[in-house]
$ cat my_file_38.pdb   # PDB, C-alpha atoms
ATOM      1  CA  MET A 872       1.630   6.448 -12.039
ATOM      2  CA  GLY A 873       1.276  10.063 -12.855
ATOM      3  CA  PRO A 874      -1.099  12.988 -12.518
ATOM      4  CA  ASP A 875      -3.828  11.191 -14.500
ATOM      5  CA  ALA A 876      -3.769   8.134 -12.243
ATOM      6  CA  GLU A 877      -3.706  10.284  -9.123
ATOM      7  CA  ALA A 878      -6.939  11.910 -10.323
ATOM      8  CA  HIS A 879      -8.647   8.556  -9.642
ATOM      9  CA  LEU A 880      -7.955   8.629  -5.901
ATOM     10  CA  SER A 881     -10.409   9.637  -3.197
ATOM     11  CA  ALA A 882      -9.513  12.897  -1.441
ATOM     12  CA  GLU A 883      -8.431  10.909   1.623
ATOM     13  CA  LEU A 884      -6.232   8.568  -0.413
ATOM     14  CA  ALA A 885      -4.706  11.491  -2.332
ATOM     15  CA  ALA A 886      -3.715  13.041   1.019
ATOM     16  CA  MET A 887      -2.181   9.716   2.073
ATOM     17  CA  VAL A 888      -0.209   9.529  -1.166
ATOM     18  CA  ALA A 889       1.130  13.030  -0.502
ATOM     19  CA  SER A 890       2.175  11.836   2.959
ATOM     20  CA  ALA A 891       3.891   8.763   1.456
ATOM     21  CA  ARG A 892       5.749  11.076  -0.931
ATOM     22  CA  ARG A 893       6.978  13.196   2.016
ATOM     23  CA  ARG A 894       7.970  10.014   3.883
ATOM     24  CA  ALA A 895      10.027   8.803   0.915
ATOM     25  CA  LEU A 896      11.836  12.138   0.693
ATOM     26  CA  ARG A 897      12.444  12.220   4.454
ATOM     27  CA  ASP A 898      13.790   8.637   4.346
ATOM     28  CA  GLY A 899      16.176   9.562   1.535
ATOM     29  CA  ASP A 900      14.499   7.224  -0.960
ATOM     30  CA  ARG A 901      14.450   8.063  -4.643
ATOM     31  CA  GLN A 902      10.943   6.761  -5.194
ATOM     32  CA  ILE A 903       7.721   6.065  -3.330
ATOM     33  CA  ASP A 904       7.563   2.323  -2.813
ATOM     34  CA  THR A 905       4.893   0.008  -1.482
ATOM     35  CA  ALA A 906       6.299   0.082   2.061
ATOM     36  CA  HIS A 907       5.860   3.879   2.123
ATOM     37  CA  LEU A 908       2.265   3.407   0.996
ATOM     38  CA  LEU A 909       1.580   0.691   3.590
ATOM     39  CA  HIS A 910       3.094   2.812   6.375
ATOM     40  CA  THR A 911       0.945   5.800   5.501
ATOM     41  CA  LEU A 912      -2.211   3.693   5.142
ATOM     42  CA  LEU A 913      -1.717   2.124   8.566
ATOM     43  CA  GLU A 914      -1.141   5.502  10.199
ATOM     44  CA  SER A 915      -3.973   7.318   8.450
ATOM     45  CA  ASP A 916      -6.861   5.021   7.582
ATOM     46  CA  PRO A 917      -9.011   3.430  10.306
ATOM     47  CA  GLU A 918     -10.703   1.140   7.745
ATOM     48  CA  VAL A 919      -7.295  -0.210   6.738
ATOM     49  CA  ARG A 920      -6.383  -0.870  10.381
ATOM     50  CA  GLU A 921      -9.707  -2.696  10.841
ATOM     51  CA  ALA A 922      -8.725  -5.137   8.078
ATOM     52  CA  PHE A 923      -6.060  -6.654  10.319
ATOM     53  CA  GLU A 924      -6.663  -9.293  12.974
ATOM     54  CA  SER A 925      -5.831  -7.149  15.979
ATOM     55  CA  GLY A 926      -4.451  -3.914  17.349
ATOM     56  CA  PRO A 927      -1.216  -5.659  18.360
ATOM     57  CA  GLN A 928      -0.744  -6.847  14.763
ATOM     58  CA  VAL A 929      -1.058  -3.257  13.513
ATOM     59  CA  ALA A 930       1.355  -2.073  16.216
ATOM     60  CA  ARG A 931       3.867  -4.759  15.175
ATOM     61  CA  LEU A 932       3.543  -3.689  11.535
ATOM     62  CA  LEU A 933       4.071  -0.042  12.403
ATOM     63  CA  GLY A 934       7.104  -1.058  14.468
ATOM     64  CA  TYR A 935       8.681  -2.779  11.462
ATOM     65  CA  LEU A 936       7.898   0.187   9.252
ATOM     66  CA  VAL A 937       9.427   2.645  11.726
ATOM     67  CA  GLN A 938      12.547   0.454  11.889
ATOM     68  CA  ARG A 939      12.670   0.657   8.114
ATOM     69  CA  SER A 940      12.598   4.452   8.327
ATOM     70  CA  ILE A 941      15.498   4.542  10.760
ATOM     71  CA  GLY A 942      17.770   2.005   9.142
ATOM     72  CA  TYR A 943      16.064  -1.320   8.514
ATOM     73  CA  GLY A 944      15.378  -0.242   4.943
ATOM     74  CA  LEU A 945      18.866   1.004   4.135
ATOM     75  CA  ARG A 946      19.398  -1.958   1.840
ATOM     76  CA  TRP A 947      16.348  -0.751  -0.091
ATOM     77  CA  GLN A 948      17.544   2.850  -0.481
ATOM     78  CA  SER A 949      20.010   2.083  -3.227
ATOM     79  CA  SER A 950      17.621  -0.118  -5.188
ATOM     80  CA  VAL A 951      14.399   0.269  -7.108
ATOM     81  CA  GLU A 952      11.431  -1.835  -6.045
ATOM     82  CA  ASP A 953      10.842  -3.917  -9.141
ATOM     83  CA  SER A 954       8.947  -7.148  -9.675
ATOM     84  CA  GLY A 955      10.923  -7.889 -12.839
ATOM     85  CA  ALA A 956       7.729  -7.793 -14.863
ATOM     86  CA  VAL A 957       7.863  -4.072 -15.602
ATOM     87  CA  PRO A 958      10.573  -1.542 -16.494
ATOM     88  CA  THR A 959      12.770  -0.599 -13.548
ATOM     89  CA  VAL A 960      12.396   3.166 -13.897
ATOM     90  CA  THR A 961       9.121   5.041 -14.051
ATOM     91  CA  GLY A 962      10.607   8.545 -14.048
ATOM     92  CA  ASP A 963       7.721   9.969 -12.043
ATOM     93  CA  GLY A 964       8.792   9.335  -8.468
ATOM     94  CA  TRP A 965       7.112   5.937  -8.109
ATOM     95  CA  SER A 966       8.746   2.546  -7.956
ATOM     96  CA  PRO A 967       7.455   0.387 -10.823
ATOM     97  CA  VAL A 968       5.704  -1.921  -8.345
ATOM     98  CA  ALA A 969       4.061   0.997  -6.502
ATOM     99  CA  ALA A 970       2.889   2.492  -9.806
ATOM    100  CA  GLY A 971       1.305  -0.838 -10.748
ATOM    101  CA  VAL A 972      -0.307  -1.186  -7.341
ATOM    102  CA  MET A 973      -1.852   2.278  -7.632
ATOM    103  CA  ALA A 974      -3.333   1.358 -11.018
ATOM    104  CA  ASP A 975      -4.638  -1.905  -9.536
ATOM    105  CA  ALA A 976      -6.266  -0.005  -6.649
ATOM    106  CA  TYR A 977      -8.162   2.130  -9.135
ATOM    107  CA  ALA A 978      -9.197  -0.954 -11.129
ATOM    108  CA  ARG A 979     -10.527  -2.487  -7.913
ATOM    109  CA  ALA A 980     -12.595   0.651  -7.240
ATOM    110  CA  VAL A 981     -14.028   0.499 -10.764
ATOM    111  CA  ARG A 982     -15.023  -3.150 -10.220
ATOM    112  CA  ARG A 983     -16.853  -2.001  -7.083
ATOM    113  CA  GLY A 984     -18.630   0.625  -9.170
ATOM    114  CA  GLU A 985     -16.768   3.529  -7.568
ATOM    115  CA  PRO A 986     -15.068   6.389  -9.425
ATOM    116  CA  PHE A 987     -12.204   6.721  -6.923
ATOM    117  CA  ALA A 988      -9.877   4.299  -5.153
ATOM    118  CA  ASP A 989      -9.828   4.371  -1.370
ATOM    119  CA  GLY A 990      -7.442   3.069   1.290
ATOM    120  CA  VAL A 991      -8.905  -0.443   1.372
ATOM    121  CA  ASP A 992      -8.576  -0.642  -2.419
ATOM    122  CA  LEU A 993      -4.917   0.309  -2.100
ATOM    123  CA  LEU A 994      -4.320  -2.158   0.742
ATOM    124  CA  ALA A 995      -5.871  -4.972  -1.324
ATOM    125  CA  ALA A 996      -3.692  -4.052  -4.307
ATOM    126  CA  LEU A 997      -0.589  -3.962  -2.076
ATOM    127  CA  VAL A 998      -1.378  -7.368  -0.588
ATOM    128  CA  ALA A 999      -2.024  -8.864  -4.026
ATOM    129  CA  GLU A1000       1.485  -7.952  -5.254
ATOM    130  CA  PRO A1001       3.728 -10.768  -3.967
ATOM    131  CA  GLU A1002       6.979  -9.057  -5.024
ATOM    132  CA  SER A1003       6.285  -5.843  -3.121
ATOM    133  CA  ARG A1004       8.200  -4.521  -0.156
ATOM    134  CA  ALA A1005       4.845  -4.099   1.591
ATOM    135  CA  VAL A1006       4.228  -7.858   1.381
ATOM    136  CA  GLU A1007       7.750  -8.479   2.703
ATOM    137  CA  VAL A1008       7.011  -6.244   5.713
ATOM    138  CA  LEU A1009       3.613  -7.883   6.251
ATOM    139  CA  GLY A1010       5.230 -11.314   6.267
ATOM    140  CA  ARG A1011       7.973 -10.247   8.691
ATOM    141  CA  ALA A1012       5.285  -8.924  11.043
ATOM    142  CA  GLY A1013       3.517 -12.291  11.009
ATOM    143  CA  VAL A1014       0.528 -11.297   8.872
ATOM    144  CA  ASP A1015      -1.046 -14.167   6.964
ATOM    145  CA  VAL A1016      -1.014 -12.363   3.607
ATOM    146  CA  PRO A1017      -3.272 -14.810   1.692
ATOM    147  CA  GLU A1018      -5.828 -14.687   4.527
ATOM    148  CA  LEU A1019      -5.723 -10.873   4.557
ATOM    149  CA  LEU A1020      -6.380 -10.804   0.819
ATOM    150  CA  VAL A1021      -9.362 -13.159   1.227
ATOM    151  CA  ARG A1022     -10.715 -10.889   3.979
ATOM    152  CA  LEU A1023     -10.287  -7.796   1.785
ATOM    153  CA  ASP A1024     -11.971  -9.505  -1.162
ATOM    154  CA  GLY A1025     -14.836 -10.410   1.179
ATOM    155  CA  VAL A1026     -15.225  -6.740   2.124
ATOM    156  CA  ALA A1027     -15.493  -5.831  -1.567
ATOM    157  CA  GLU A1028     -18.102  -8.564  -2.141
ATOM    158  CA  ARG A1029     -20.190  -7.331   0.806
ATOM    159  CA  GLU A1030     -19.979  -3.748  -0.486
ATOM    160  CA  ARG A1031     -21.197  -4.836  -3.924
ATOM    161  CA  GLY A1032     -24.037  -6.806  -2.308
ATOM    162  CA  LEU A1033     -25.158  -3.803  -0.274
ATOM    163  CA  GLU A1034     -25.315  -1.639  -3.379
ATOM    164  CA  ALA A1035     -27.312  -4.157  -5.469
TER     165      ALA A1035
END

$ encode --input "my_file_38.pdb" --output "structure tokens"
Amino acid sequence: MGPDAEAHLSAELAAMVASARRRALRDGDRQIDTAHLLHTLLESDPEVREAFESGPQVARLLGYLVQRSIGYGLRWQSSVEDSGAVPTVTGDGWSPVAAGVMADAYARAVRRGEPFADGVDLLAALVAEPESRAVEVLGRAGVDVPELLVRLDGVAERERGLEA
């Protein structure tokens, strides 16, 4: 993930990425990881919050993510988020998994016929990456991750149908 990939983000998503970058720095993390991205999406994007079953589920997720910021994620601080399928260092401030997820979000937007990825594209890419910290947090908060992915894929199908 670098400047070229960030050029494929909607203005709103680019602002959220900047917020995730600030969150990572504030948390003392070396790289932006998928949990930083999930946290920022949940705080900033109403369409992302609507993808979840209920307000209490979103509140529970935000609670886990806040705990991560204040100590829950300390075990993550000294490690790089890595699925094992990609190199462990990206050199550009992104965990390898987060970099892959950002590229997948853009690919999802392209499949929808859009030039820029949005928050729902990023959420779907996060949920589709089983080795991500975001999926770990979702599971701990009781989110049915496979069901969420089906719901998000249904949103994309409806959007394509409306445009046809």

$ residues_around --input "my_file_38.pdb" --residues "Ala1012 in chain A" --least-positions-apart "6" --cutoff "8 Å" --atoms "only C-alpha atoms" --output "list in words"
Gln928, Arg931, Leu932 and Tyr935 of chain A

$ atom_distance --input "my_file_38.pdb" --atom1 "CA of Pro1001 in chain A" --atom2 "CA of Val1016 in chain A"
9.1 Å

$ residues_near_point --input "my_file_38.pdb" --point "(-3.4, -6.7, -4.0)" --cutoff "8 Å" --atoms "all atoms listed in the file" --output "count of residues only"
12

$ resolve_selection --input "my_file_38.pdb" --expression "the PyMOL selection byres ((chain A and resi 886) around 12)" --output "PyMOL selection string"
chain A and resi 877-878+880-885+887-893+908+911-912+915-916+989-990

$ closest_residue --input "my_file_38.pdb" --among "A:Leu1023, A:Arg1004, A:Ala974, A:Gly1010" --to "Arg920 in chain A" --atoms "all atoms listed in the file"
A:Leu1023

$ closest_residue --input "my_file_38.pdb" --among "A:Val1021, A:Ala906, A:Glu918, A:Gln938" --to "Ala1005 in chain A" --atoms "all atoms listed in the file"
A:Ala906

$ closest_residue --input "my_file_38.pdb" --among "A:Gly926, A:Trp965, A:Gly1025, A:Leu1009" --to "His910 in chain A" --atoms "all atoms listed in the file"
A:Leu1009

$ closest_residue --input "my_file_38.pdb" --among "A:Arg1011, A:Arg982, A:Arg901, A:Arg1022" --to "Val919 in chain A" --atoms "all atoms listed in the file"
A:Arg1022

$ atom_distance --input "my_file_38.pdb" --atom1 "CA of Asp898 in chain A" --atom2 "CA of Pro967 in chain A"
18.4 Å

$ atom_distance --input "my_file_38.pdb" --atom1 "CA of Ile903 in chain A" --atom2 "CA of Ala922 in chain A"
22.9 Å
